[in-house]
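Structure below is my_file.cif: mmCIF, C-alpha atoms and all ligand atoms.
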```
data_query
loop_
_atom_site.label_atom_id
_atom_site.label_comp_id
_atom_site.auth_asym_id
_atom_site.auth_seq_id
_atom_site.Cartn_x
_atom_site.Cartn_y
_atom_site.Cartn_z
CA MET A 1 -16.85 -5.29 9.40
CA LYS A 2 -16.05 -5.65 5.71
CA LEU A 3 -12.30 -5.56 5.24
CA LEU A 4 -10.06 -5.08 2.23
CA LEU A 5 -6.41 -6.09 2.41
CA VAL A 6 -4.00 -4.77 -0.24
CA GLY A 7 -1.02 -6.86 -1.41
CA SER A 8 -0.04 -10.35 -2.55
CA GLY A 9 2.97 -11.54 -0.57
CA GLY A 10 3.71 -13.71 2.44
CA ARG A 11 3.25 -10.65 4.66
CA GLU A 12 -0.27 -10.22 3.32
CA HIS A 13 -1.11 -13.91 3.77
CA ALA A 14 -0.04 -13.60 7.42
CA LEU A 15 -2.19 -10.47 7.82
CA ALA A 16 -5.13 -12.16 6.06
CA TRP A 17 -4.77 -15.20 8.34
CA ALA A 18 -4.89 -12.97 11.44
CA LEU A 19 -7.71 -10.74 10.13
CA ALA A 20 -9.88 -13.68 9.06
CA ALA A 21 -9.62 -15.10 12.59
CA SER A 22 -10.97 -11.90 14.16
CA PRO A 23 -14.54 -11.93 15.46
CA LEU A 24 -14.78 -8.37 14.08
CA CYS A 25 -14.31 -9.62 10.51
CA ASP A 26 -17.50 -10.43 8.59
CA ALA A 27 -15.99 -10.38 5.12
CA LEU A 28 -12.41 -10.18 3.90
CA TYR A 29 -11.34 -9.20 0.37
CA CYS A 30 -7.78 -9.04 -0.89
CA ALA A 31 -6.40 -7.11 -3.88
CA PRO A 32 -4.86 -8.97 -5.59
CA GLY A 33 -3.93 -11.77 -3.14
CA ASN A 34 -2.44 -15.18 -3.95
CA ALA A 35 -3.45 -18.86 -3.77
CA GLY A 36 -2.88 -19.04 0.00
CA ILE A 37 -4.78 -15.84 0.74
CA ALA A 38 -7.65 -17.26 -1.36
CA GLN A 39 -8.15 -19.87 1.41
CA VAL A 40 -9.23 -17.15 3.86
CA ALA A 41 -10.31 -14.20 1.68
CA GLU A 42 -12.02 -13.39 -1.57
CA CYS A 43 -9.29 -12.28 -3.98
CA VAL A 44 -10.09 -9.51 -6.45
CA ALA A 45 -7.96 -8.86 -9.53
CA ILE A 46 -6.84 -5.32 -8.72
CA ALA A 47 -3.12 -4.54 -8.57
CA ALA A 48 -1.77 -3.30 -5.22
CA ASP A 49 -0.62 -0.03 -6.82
CA ASP A 50 -3.87 0.64 -8.73
CA ILE A 51 -5.05 3.43 -6.44
CA ALA A 52 -8.15 4.35 -8.45
CA GLY A 53 -9.11 0.67 -8.75
CA ILE A 54 -8.76 0.04 -5.02
CA VAL A 55 -10.67 3.19 -3.99
CA GLY A 56 -13.38 2.34 -6.54
CA PHE A 57 -13.76 -1.22 -5.28
CA ALA A 58 -13.78 -0.14 -1.62
CA THR A 59 -16.47 2.44 -2.36
CA GLU A 60 -18.68 0.06 -4.38
CA GLN A 61 -18.42 -2.70 -1.79
CA ALA A 62 -18.89 -0.33 1.17
CA ILE A 63 -15.65 -1.56 2.74
CA ASP A 64 -15.34 -0.47 6.37
CA PHE A 65 -11.58 -0.74 6.74
CA VAL A 66 -8.63 -1.12 4.35
CA VAL A 67 -5.31 -2.62 5.48
CA VAL A 68 -2.40 -1.74 3.19
CA GLY A 69 0.47 -4.28 3.13
CA PRO A 70 3.22 -3.04 0.78
CA GLU A 71 5.11 0.27 0.65
CA ALA A 72 4.55 1.23 -3.00
CA PRO A 73 0.84 2.16 -2.70
CA LEU A 74 1.53 3.97 0.61
CA VAL A 75 4.30 6.07 -0.94
CA ALA A 76 2.04 6.72 -3.95
CA GLY A 77 -0.75 8.09 -1.73
CA LEU A 78 -3.32 5.28 -1.40
CA VAL A 79 -4.24 6.25 2.17
CA ASP A 80 -4.72 9.90 1.14
CA ALA A 81 -7.07 8.79 -1.65
CA LEU A 82 -9.00 6.52 0.74
CA ASP A 83 -9.28 9.38 3.27
CA GLU A 84 -10.72 11.62 0.56
CA ALA A 85 -13.28 8.94 -0.26
CA GLY A 86 -14.19 8.69 3.44
CA ILE A 87 -12.83 5.15 3.86
CA LYS A 88 -10.93 4.27 7.02
CA SER A 89 -7.59 2.53 6.58
CA PHE A 90 -4.41 1.29 8.26
CA GLY A 91 -1.20 2.84 6.97
CA PRO A 92 0.53 6.23 6.70
CA ARG A 93 -0.44 9.01 4.35
CA LYS A 94 1.94 9.85 1.52
CA ALA A 95 3.79 12.63 3.37
CA ALA A 96 4.56 10.28 6.29
CA ALA A 97 5.39 7.32 4.01
CA ALA A 98 8.33 9.44 2.80
CA LEU A 99 10.21 8.00 5.79
CA GLU A 100 10.62 4.94 3.56
CA GLY A 101 9.99 6.53 0.14
CA SER A 102 12.94 8.91 0.33
CA LYS A 103 16.11 7.96 2.18
CA GLY A 104 17.28 11.59 1.91
CA PHE A 105 14.09 12.78 3.63
CA MET A 106 14.55 10.17 6.35
CA LYS A 107 18.19 11.19 6.96
CA ASP A 108 17.40 14.93 7.11
CA PHE A 109 14.47 14.20 9.43
CA CYS A 110 16.72 12.20 11.78
CA ALA A 111 19.26 15.04 11.75
CA ARG A 112 16.55 17.58 12.67
CA HIS A 113 15.34 15.44 15.58
CA ASN A 114 18.62 14.01 16.88
CA ILE A 115 17.71 10.42 16.06
CA PRO A 116 20.87 8.28 16.03
CA THR A 117 21.78 7.11 12.52
CA ALA A 118 24.83 6.98 10.21
CA ALA A 119 26.52 10.25 9.14
CA TYR A 120 25.62 10.94 5.49
CA GLY A 121 25.61 13.18 2.43
CA ARG A 122 22.89 13.68 -0.25
CA PHE A 123 23.90 13.94 -3.89
CA THR A 124 22.28 14.68 -7.25
CA ASP A 125 25.61 15.12 -9.06
CA ILE A 126 27.87 12.17 -9.99
CA ALA A 127 31.13 14.08 -9.65
CA GLN A 128 30.24 15.39 -6.19
CA ALA A 129 29.14 11.91 -5.07
CA LYS A 130 32.46 10.41 -6.20
CA ASP A 131 34.40 13.22 -4.61
CA PHE A 132 32.64 12.50 -1.29
CA VAL A 133 33.63 8.82 -1.51
CA ALA A 134 37.23 9.79 -2.25
CA ARG A 135 37.29 12.06 0.83
CA GLN A 136 35.53 9.60 3.20
CA GLY A 137 37.19 6.38 2.06
CA ALA A 138 35.81 2.85 2.47
CA PRO A 139 33.94 1.01 3.85
CA ILE A 140 31.04 3.24 2.86
CA VAL A 141 27.39 2.70 1.93
CA VAL A 142 25.73 3.95 -1.28
CA LYS A 143 21.92 4.13 -1.41
CA ALA A 144 19.41 5.10 -4.08
CA ASP A 145 17.08 7.73 -2.59
CA GLY A 146 13.80 6.16 -3.72
CA LEU A 147 12.14 2.75 -3.63
CA ALA A 148 14.18 0.05 -5.35
CA ALA A 149 12.50 -3.16 -4.14
CA GLY A 150 15.17 -3.72 -1.50
CA LYS A 151 18.01 -3.63 -4.04
CA GLY A 152 19.03 0.03 -3.85
CA VAL A 153 21.77 -0.35 -1.22
CA VAL A 154 25.43 -1.20 -1.83
CA VAL A 155 27.63 -1.76 1.20
CA ALA A 156 31.01 -1.02 -0.40
CA MET A 157 34.06 -2.47 1.32
CA THR A 158 36.38 -0.65 -1.15
CA GLU A 159 36.31 2.79 -2.79
CA ALA A 160 36.17 1.13 -6.23
CA GLU A 161 32.95 -0.71 -5.29
CA ALA A 162 31.41 2.54 -4.09
CA LEU A 163 32.35 4.34 -7.32
CA ASP A 164 30.87 1.45 -9.36
CA ALA A 165 27.66 1.68 -7.33
CA ILE A 166 27.40 5.41 -8.06
CA ASP A 167 27.87 4.74 -11.80
CA MET A 168 25.28 1.93 -11.69
CA MET A 169 22.62 3.96 -9.85
CA MET A 170 23.18 7.45 -11.28
CA GLY A 171 24.99 6.84 -14.57
CA ASP A 172 23.20 3.70 -15.81
CA LYS A 173 19.98 4.59 -13.91
CA ALA A 174 19.65 0.96 -12.75
CA PHE A 175 16.73 1.98 -10.48
CA GLY A 176 15.29 4.66 -12.76
CA ALA A 177 14.15 7.82 -10.99
CA ALA A 178 14.79 6.21 -7.58
CA GLY A 179 18.53 6.69 -8.22
CA ALA A 180 18.38 10.31 -9.44
CA GLU A 181 19.47 11.21 -5.92
CA LEU A 182 21.84 9.21 -3.72
CA VAL A 183 22.49 9.02 0.00
CA ILE A 184 26.06 8.06 0.80
CA GLU A 185 26.67 7.18 4.42
CA GLU A 186 28.96 5.97 7.11
CA PHE A 187 29.35 2.19 7.47
CA MET A 188 28.02 1.07 10.84
CA GLU A 189 29.22 -2.04 12.61
CA GLY A 190 27.14 -4.25 14.87
CA GLU A 191 24.30 -6.76 14.84
CA GLU A 192 21.11 -5.96 12.93
CA ALA A 193 17.60 -6.21 14.37
CA SER A 194 14.13 -5.21 13.21
CA PHE A 195 11.90 -3.35 15.65
CA PHE A 196 8.20 -2.72 15.07
CA ALA A 197 5.88 -0.13 16.63
CA LEU A 198 2.30 0.86 15.99
CA ALA A 199 1.85 4.64 15.84
CA ASP A 200 -1.43 6.55 15.76
CA GLY A 201 0.03 9.96 14.92
CA GLU A 202 0.68 10.80 18.57
CA THR A 203 1.32 7.66 20.56
CA ALA A 204 3.49 4.66 19.72
CA ILE A 205 3.51 1.19 21.29
CA PRO A 206 6.00 -1.61 20.62
CA PHE A 207 4.79 -4.34 18.27
CA GLY A 208 7.55 -6.91 18.59
CA ASP A 209 11.03 -7.41 17.23
CA ALA A 210 12.66 -9.88 14.87
CA GLN A 211 15.78 -10.68 12.91
CA ASP A 212 15.81 -11.66 9.26
CA HIS A 213 18.27 -13.22 6.85
CA LYS A 214 18.75 -11.02 3.79
CA ARG A 215 21.43 -13.00 1.92
CA VAL A 216 20.32 -15.84 -0.33
CA GLY A 217 22.88 -18.44 0.81
CA ASP A 218 23.64 -20.41 3.97
CA GLY A 219 26.06 -18.64 6.29
CA ASP A 220 24.70 -15.28 5.07
CA THR A 221 26.50 -15.48 1.71
CA GLY A 222 25.51 -14.48 -1.82
CA PRO A 223 23.35 -11.61 -3.05
CA ASN A 224 20.74 -9.76 -0.99
CA THR A 225 17.09 -10.81 -1.23
CA GLY A 226 13.82 -9.54 0.20
CA GLY A 227 14.48 -11.89 3.14
CA MET A 228 14.98 -15.68 3.23
CA GLY A 229 13.73 -16.23 6.76
CA ALA A 230 13.12 -14.58 10.12
CA TYR A 231 12.54 -15.28 13.76
CA SER A 232 10.97 -13.39 16.65
CA PRO A 233 11.80 -12.24 19.24
CA ALA A 234 15.34 -11.06 18.47
CA PRO A 235 17.53 -12.34 21.35
CA ILE A 236 19.68 -9.20 21.17
CA VAL A 237 16.71 -6.93 21.96
CA ASP A 238 16.28 -7.33 25.71
CA LYS A 239 13.91 -5.20 27.81
CA ALA A 240 16.45 -2.45 28.42
CA LEU A 241 17.38 -2.19 24.75
CA ALA A 242 13.70 -2.15 23.69
CA ALA A 243 13.13 0.74 26.09
CA ARG A 244 16.11 2.61 24.61
CA ILE A 245 14.84 2.03 21.07
CA MET A 246 11.44 3.44 22.03
CA ALA A 247 12.96 6.42 23.86
CA GLU A 248 15.76 7.32 21.45
CA ILE A 249 14.30 6.37 18.06
CA ILE A 250 10.55 5.59 17.93
CA HIS A 251 9.11 8.28 20.24
CA PRO A 252 11.25 11.12 18.78
CA THR A 253 10.16 10.03 15.29
CA VAL A 254 6.46 10.06 16.12
CA ALA A 255 6.80 13.40 17.97
CA GLY A 256 8.87 14.90 15.13
CA MET A 257 6.45 13.82 12.41
CA LYS A 258 3.56 15.28 14.39
CA ALA A 259 5.43 18.56 14.98
CA GLU A 260 6.18 18.84 11.25
CA GLY A 261 2.51 18.47 10.34
CA THR A 262 2.87 14.99 8.82
CA PRO A 263 1.77 12.67 11.65
CA PHE A 264 2.71 9.02 11.19
CA THR A 265 -0.11 6.48 11.43
CA GLY A 266 0.48 2.78 10.86
CA VAL A 267 3.36 0.45 11.59
CA LEU A 268 6.85 1.86 11.86
CA TYR A 269 9.49 -0.75 11.09
CA ALA A 270 12.92 0.38 12.23
CA GLY A 271 15.87 -1.45 10.71
CA LEU A 272 18.50 -1.08 13.42
CA MET A 273 22.21 -1.59 13.88
CA ILE A 274 22.95 -2.45 17.48
CA THR A 275 26.38 -0.86 17.82
CA SER A 276 28.73 -0.66 20.80
CA ALA A 277 27.31 2.86 21.35
CA GLY A 278 23.70 1.67 21.33
CA PRO A 279 20.91 1.31 18.76
CA ARG A 280 21.26 3.33 15.54
CA LEU A 281 18.75 3.56 12.74
CA ILE A 282 19.71 2.00 9.38
CA GLU A 283 16.41 2.69 7.69
CA TYR A 284 12.70 3.13 8.23
CA ASN A 285 10.02 1.09 6.54
CA VAL A 286 6.41 2.22 6.81
CA ARG A 287 4.82 -1.25 6.68
CA PHE A 288 5.35 -4.70 8.15
CA GLY A 289 8.45 -6.64 7.13
CA ASP A 290 8.24 -9.69 4.93
CA PRO A 291 8.91 -12.37 6.30
CA GLU A 292 9.02 -10.63 9.72
CA CYS A 293 5.23 -10.18 9.63
CA GLN A 294 4.75 -13.95 9.40
CA VAL A 295 6.56 -14.58 12.70
CA LEU A 296 4.90 -11.58 14.41
CA MET A 297 1.40 -12.75 13.45
CA MET A 298 2.07 -16.26 14.79
CA ARG A 299 3.33 -14.83 18.09
CA LEU A 300 0.46 -12.37 18.48
CA LYS A 301 -2.08 -13.74 20.97
CA SER A 302 -4.38 -10.70 20.88
CA ASP A 303 -6.86 -10.11 18.09
CA LEU A 304 -5.07 -8.08 15.38
CA MET A 305 -8.16 -6.09 14.34
CA PRO A 306 -8.62 -3.96 17.49
CA ALA A 307 -4.91 -3.04 17.31
CA LEU A 308 -5.19 -1.84 13.72
CA LEU A 309 -8.45 -0.01 14.45
CA ALA A 310 -6.97 1.67 17.55
CA THR A 311 -4.08 2.83 15.37
CA ALA A 312 -6.40 4.35 12.78
CA ASP A 313 -8.65 5.86 15.50
CA ARG A 314 -5.81 7.41 17.57
CA GLN A 315 -6.62 5.18 20.52
CA LEU A 316 -3.23 3.60 21.19
CA GLY A 317 -2.77 5.58 24.43
CA HIS A 318 -4.34 2.87 26.55
CA PHE A 319 -3.84 -0.12 24.32
CA ASP A 320 -2.26 -3.37 25.38
CA LEU A 321 -1.18 -6.45 23.42
CA ARG A 322 -0.60 -10.07 24.41
CA TRP A 323 2.10 -12.22 22.84
CA HIS A 324 3.03 -15.89 23.03
CA ASP A 325 6.22 -16.29 25.04
CA ARG A 326 7.33 -18.94 22.62
CA PRO A 327 9.41 -17.79 19.65
CA ALA A 328 8.39 -18.20 16.02
CA LEU A 329 10.60 -18.88 13.03
CA CYS A 330 9.86 -18.61 9.31
CA VAL A 331 11.82 -20.29 6.50
CA VAL A 332 11.21 -18.92 3.00
CA MET A 333 11.10 -21.30 0.04
CA ALA A 334 12.01 -19.57 -3.22
CA SER A 335 12.18 -20.45 -6.90
CA ALA A 336 15.63 -21.74 -7.96
CA GLY A 337 17.56 -18.78 -9.35
CA TYR A 338 16.02 -16.14 -7.06
CA PRO A 339 17.00 -13.29 -6.54
CA GLY A 340 18.16 -13.56 -10.17
CA SER A 341 15.92 -14.93 -12.92
CA TYR A 342 13.87 -18.04 -12.24
CA ALA A 343 11.30 -20.28 -13.93
CA LYS A 344 7.60 -19.46 -13.45
CA GLY A 345 4.78 -21.96 -13.34
CA THR A 346 6.57 -24.88 -11.67
CA GLU A 347 4.27 -27.15 -9.68
CA ILE A 348 4.35 -27.47 -5.89
CA LYS A 349 2.98 -30.71 -4.40
CA GLY A 350 2.53 -32.05 -0.92
CA LEU A 351 0.89 -29.08 0.81
CA ASP A 352 -2.46 -30.88 1.16
CA ALA A 353 -0.80 -33.27 3.59
CA LEU A 354 0.43 -30.32 5.70
CA PRO A 355 -2.71 -28.60 7.02
CA ASP A 356 -2.15 -25.44 9.06
CA THR A 357 -2.22 -25.75 12.84
CA ALA A 358 -1.83 -23.18 15.64
CA GLU A 359 1.81 -24.27 15.78
CA ARG A 360 2.70 -24.25 12.08
CA VAL A 361 1.33 -22.33 9.12
CA ILE A 362 2.55 -22.35 5.52
CA PHE A 363 2.10 -18.80 4.28
CA HIS A 364 2.02 -18.26 0.53
CA ALA A 365 3.78 -15.49 -1.40
CA GLY A 366 4.18 -16.03 -5.17
CA THR A 367 1.60 -18.78 -5.71
CA ALA A 368 -1.39 -19.28 -8.00
CA ARG A 369 -3.67 -22.17 -8.94
CA ASP A 370 -4.23 -23.25 -12.53
CA GLU A 371 -7.64 -24.31 -13.85
CA ALA A 372 -7.01 -27.89 -12.77
CA GLY A 373 -6.39 -26.68 -9.23
CA ARG A 374 -2.66 -27.38 -9.27
CA LEU A 375 -0.55 -25.10 -7.09
CA LEU A 376 2.06 -23.18 -9.12
CA ALA A 377 5.02 -21.02 -8.14
CA ILE A 378 4.77 -17.69 -9.96
CA GLY A 379 7.21 -15.52 -8.00
CA GLY A 380 10.70 -15.43 -6.49
CA ARG A 381 9.74 -15.94 -2.86
CA VAL A 382 6.96 -18.51 -2.86
CA LEU A 383 6.24 -20.03 0.58
CA GLY A 384 6.98 -19.02 4.17
CA VAL A 385 6.92 -22.07 6.42
CA THR A 386 6.35 -20.64 9.90
CA ALA A 387 6.34 -22.43 13.25
CA LEU A 388 6.08 -21.68 16.95
CA GLY A 389 8.33 -23.67 19.28
CA ALA A 390 9.38 -23.94 22.92
CA ASP A 391 12.61 -22.28 21.77
CA ILE A 392 14.17 -21.22 18.45
CA ALA A 393 15.67 -24.69 17.94
CA ALA A 394 12.26 -26.36 18.33
CA ALA A 395 10.59 -23.86 15.99
CA GLN A 396 13.36 -24.38 13.47
CA GLU A 397 13.01 -28.17 13.64
CA LYS A 398 9.26 -27.94 13.11
CA ALA A 399 9.62 -25.62 10.10
CA TYR A 400 12.25 -27.78 8.37
CA ALA A 401 10.28 -30.99 9.09
CA ALA A 402 7.39 -29.50 7.10
CA ILE A 403 9.69 -28.26 4.34
CA ASP A 404 11.11 -31.75 3.92
CA ARG A 405 7.60 -32.99 3.11
CA ILE A 406 7.00 -30.40 0.39
CA ASP A 407 7.52 -31.81 -3.09
CA TRP A 408 8.85 -28.97 -5.25
CA ALA A 409 11.94 -29.82 -7.29
CA GLU A 410 12.40 -26.26 -8.57
CA GLY A 411 12.32 -24.68 -5.11
CA PHE A 412 15.05 -24.10 -2.53
CA CYS A 413 15.52 -22.65 0.93
CA ARG A 414 18.33 -21.81 3.31
CA ARG A 415 18.98 -24.58 5.82
CA ASP A 416 20.32 -22.34 8.59
CA ILE A 417 17.56 -19.84 9.41
CA GLY A 418 17.99 -18.81 13.04
CA TRP A 419 21.70 -19.65 13.26
CA ARG A 420 22.63 -16.42 15.01
CA ALA A 421 20.02 -16.94 17.73
CA LEU A 422 21.05 -20.58 18.16
CA LYS A 423 24.69 -19.61 18.55
CA LYS A 424 23.69 -17.49 21.57
P1 LIG A 501 18.43 -1.25 3.67
O1 LIG A 501 17.80 -1.59 2.35
O2 LIG A 501 18.58 0.20 3.93
O3 LIG A 501 17.86 -2.07 4.81
O4 LIG A 501 19.91 -1.81 3.58
C1 LIG A 501 20.14 -3.14 3.26
C2 LIG A 501 21.21 -3.68 4.15
O5 LIG A 501 22.42 -2.95 3.95
C3 LIG A 501 20.93 -3.52 5.63
O6 LIG A 501 20.13 -4.54 6.13
C4 LIG A 501 22.32 -3.56 6.21
O7 LIG A 501 22.79 -4.89 6.29
C5 LIG A 501 23.13 -2.85 5.17
N1 LIG A 501 23.33 -1.44 5.49
C6 LIG A 501 22.57 -0.38 5.12
N2 LIG A 501 23.08 0.77 5.61
C7 LIG A 501 24.18 0.44 6.31
C8 LIG A 501 25.16 1.18 7.05
N3 LIG A 501 25.10 2.52 7.13
N4 LIG A 501 26.17 0.50 7.64
C9 LIG A 501 26.25 -0.84 7.53
N5 LIG A 501 25.37 -1.60 6.84
C10 LIG A 501 24.34 -0.97 6.24
N1 LIG A 502 12.50 -8.38 5.29
C1 LIG A 502 12.85 -7.07 4.92
C2 LIG A 502 11.75 -6.19 4.52
O1 LIG A 502 10.58 -6.50 4.62
O2 LIG A 502 12.05 -5.09 4.09
#
```
Kindly transcribe the structure held in the file into structure tokens.
Ligand code: AMP
Ligand code: GLY
Amino acid sequence: MKLLLVGSGGREHALAWALAASPLCDALYCAPGNAGIAQVAECVAIAADDIAGIVGFATEQAIDFVVVGPEAPLVAGLVDALDEAGIKSFGPRKAAAALEGSKGFMKDFCARHNIPTAAYGRFTDIAQAKDFVARQGAPIVVKADGLAAGKGVVVAMTEAEALDAIDMMMGDKAFGAAGAELVIEEFMEGEEASFFALADGETAIPFGDAQDHKRVGDGDTGPNTGGMGAYSPAPIVDKALAARIMAEIIHPTVAGMKAEGTPFTGVLYAGLMITSAGPRLIEYNVRFGDPECQVLMMRLKSDLMPALLATADRQLGHFDLRWHDRPALCVVMASAGYPGSYAKGTEIKGLDALPDTAERVIFHAGTARDEAGRLLAIGGRVLGVTALGADIAAAQEKAYAAIDRIDWAEGFCRRDIGWRALKK
């Protein structure tokens, strides 16, 4: 099969790595890709959100199957456009991608289908939003309705912080149209976990769990990022809890979306709070997590391609997956300054001496090569050093041993990825 992967991050490098290894893959293209993806795929200079460009390329090249990595093109309707052009793909259509694209939609949907999540209100008026905060008190959580690249959530420990967040999102329009509507919700307490399931519109099967580290600094301090590291499995998600998550959250979601005429096809990524009362949904994403995808791909023993095809072909009913028992851990290296401003074009050396093995892969995110072949950092998150180990401690040791051999003065990473699992 001729495959086209859409995206350019560490998640997409992990997907490209798994797809390229499939016996079903004859040719792999990636739009637009990065320097790491270029090792296993032919990168084409089409932006991930250029829907017409992607459909045009897929048509010209007679692509058999398109795998969409990031949320923006899904929410913008890439899968709908590919369907119209008769091209098979992995990912939800626009109406189902609203589970991530609109937090208000997601909350109302959960209310209609009794899916456990935080109590909430939806607001398009600043005064009413502030009045709600005054009545509810703090802690309270303020969220921009639309996509805001992971930055549209403020967990306010005081009323003043919540009021500031409302002014920032609605008054100053910090996230543009994404903040024209807000969801303000109950603060939930517990431990967070990410749970993944493949859904074919009717049937859902678990696709692993993980925990990530969103804060930039050691000890989970400093501002939120896209994710500075992850490990899988999540020790908190035992068999009984996984069964509850499927029964109380994933299956009702898939059934509800089908009943409403917007069946969900693709990967459902549930961000969960494991509270004393059980699992509750924080948010839905309609794509793989980044860097959670990196650890999932290293743990996946089965060929990824048949799983994605079965999802697109509504064949998950009798599908089975094999996983390595051993955990995987990913440490993200980022450009100094991230998630704030950072220098672009700094050189990374030392990767040639660290060839990928079945036990350790260095996935690329924001990388490019210059004409001389030098590897440059061109993004915030740049590398995802991922390792399998006998246990989390062994995987962590292997990842940091590789990081210590990477020569990149302008890069940094957290030194404590996996701490919560190790404490257990
Ligand atoms: P999100 O972008 O929705 O994943 O939110 C970012 C982070 O904010 C989550 O990973 C949680 O740590 C936190 N968060 C979001 N909603 C809540 C909530 N209702 N209660 C407590 N923490 C939350
Ligand atoms: N690691 C968080 C995300 O992919 O949204």
Tell me, in Å to one decimal, how far atom CA of A:Met298 is from atom C2 of ligand LIG 502 (chain A).
->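 Between atom CA of A:Met298 and atom C2 of ligand LIG 502 (chain A) the gap is 17.3 Å.
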A:Ala377, A:Ala401, A:Ile406, A:Ala230: which is nearest ligand LIG 502 (chain A), counting all atoms listed in the file?
-> A:Ala230
Tell me, as number ranges by chain, which residues lie within 9 Å of stretch 349-359 of chain A, counting all atoms listed in the file; anything in the same chain fewer than 4 positions away does not count.
-> A: 298, 328, 374-376, 386-389, 395, 398, 402, 405-408
For each of A:Gly179, A:Cys110, A:Ala421, A:Lys103, take the minimum atom-to-atom distance to A:Ile126, counting all atoms listed in the file, then give the residue where this is smallest.
->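 Among A:Gly179, A:Cys110, A:Ala421, A:Lys103, it is A:Gly179 that comes nearest to A:Ile126.
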Within 9 Å of ligand LIG 501 (chain A), counting all atoms listed in the file: which residues, as an MDAnalysis selection string?
-> chainID A and resid 103 117:120 139:143 148:155 184:193 212:214 224 271:273 281:285
Could you give me, as a list in words, the residues within 12 Å of A:Thr346, counting all atoms listed in the file and dropping anything in the same chain fewer than 5 positions from it?
->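 So the residues in contact are Ala334, Ser335, Ala336, Gly366, Thr367, Ala368, Arg369, Asp370, Arg374, Leu375, Leu376, Ala377, Ile378, Gly379, Gly380, Val382, Asp407, Trp408, Ala409, Glu410 and Gly411 of chain A.
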Shell of 6 Å around ligand LIG 502 (chain A) (only C-alpha atoms and all ligand atoms), written as a PyMOL selection string | chain A and resi 226-227+289-291
Okay, now the selection with C-alpha atoms, as a PDB file, in the coordinates of the input?
```pdb
ATOM      1  CA  GLY A 226      13.820  -9.540   0.200  1.00  0.00           C
ATOM      2  CA  GLY A 227      14.480 -11.890   3.140  1.00  0.00           C
ATOM      3  CA  GLY A 289       8.450  -6.640   7.130  1.00  0.00           C
ATOM      4  CA  ASP A 290       8.240  -9.690   4.930  1.00  0.00           C
ATOM      5  CA  PRO A 291       8.910 -12.370   6.300  1.00  0.00           C
TER       6      PRO A 291
END
```
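Separating atom CA of A:Ala180 from atom CA of A:Phe132 is a distance of 16.6 Å.
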Which residues come within 8 Å of stretch 17-27 of chain A, counting only C-alpha atoms, excluding same-chain residues fewer than 2 positions away, as number ranges by chain?
-> A: 1-3, 13-15, 29, 37, 40-41, 297, 303-305
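Shortest separation to A:Asp145 among A:Val295, A:Ala35, A:Met170, A:Ala160 occurs at residue A:Met170, atoms counted being all atoms listed in the file.
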Residue neighbourhood A:Ala199, 6 Å, all atoms listed in the file, exclusion window fewer than 5 positions, as a PyMOL selection string = chain A and resi 204+265-266
Could you take the residues named above and write them with C-alpha atoms, as an mmCIF file, in the frame of the given file?
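Written file, selection_15.cif:
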```cif
data_model
loop_
_atom_site.group_PDB
_atom_site.id
_atom_site.type_symbol
_atom_site.label_atom_id
_atom_site.label_comp_id
_atom_site.auth_asym_id
_atom_site.auth_seq_id
_atom_site.Cartn_x
_atom_site.Cartn_y
_atom_site.Cartn_z
ATOM 1 C CA ALA A 204 3.490 4.660 19.720
ATOM 2 C CA THR A 265 -0.110 6.480 11.430
ATOM 3 C CA GLY A 266 0.480 2.780 10.860
#
```
Could stretch 222-230 of chain A be completed with N, CA and C atoms and written as a compact mmCIF listing (two decimals), keeping the file's coordinate frame, please?
```txt
# COMPACT_ATOMS: atom_id res chain seq x y z
N GLY A 222 26.23 -14.70 -0.57
CA GLY A 222 25.51 -14.48 -1.82
C GLY A 222 24.75 -13.17 -1.82
N PRO A 223 24.02 -12.90 -2.90
CA PRO A 223 23.35 -11.61 -3.05
C PRO A 223 22.22 -11.39 -2.04
N ASN A 224 21.86 -10.13 -1.85
CA ASN A 224 20.74 -9.76 -0.99
C ASN A 224 19.41 -10.15 -1.63
N THR A 225 18.44 -10.48 -0.77
CA THR A 225 17.09 -10.81 -1.23
C THR A 225 16.11 -9.97 -0.43
N GLY A 226 14.83 -10.18 -0.64
CA GLY A 226 13.82 -9.54 0.20
C GLY A 226 13.81 -10.10 1.61
N GLY A 227 14.45 -11.24 1.83
CA GLY A 227 14.48 -11.89 3.14
C GLY A 227 14.19 -13.38 2.97
N MET A 228 15.10 -14.23 3.41
CA MET A 228 14.98 -15.68 3.23
C MET A 228 14.48 -16.39 4.48
N GLY A 229 14.23 -15.62 5.54
CA GLY A 229 13.73 -16.23 6.76
C GLY A 229 13.81 -15.21 7.88
N ALA A 230 13.13 -15.50 8.98
CA ALA A 230 13.12 -14.58 10.12
C ALA A 230 12.71 -15.33 11.37
```
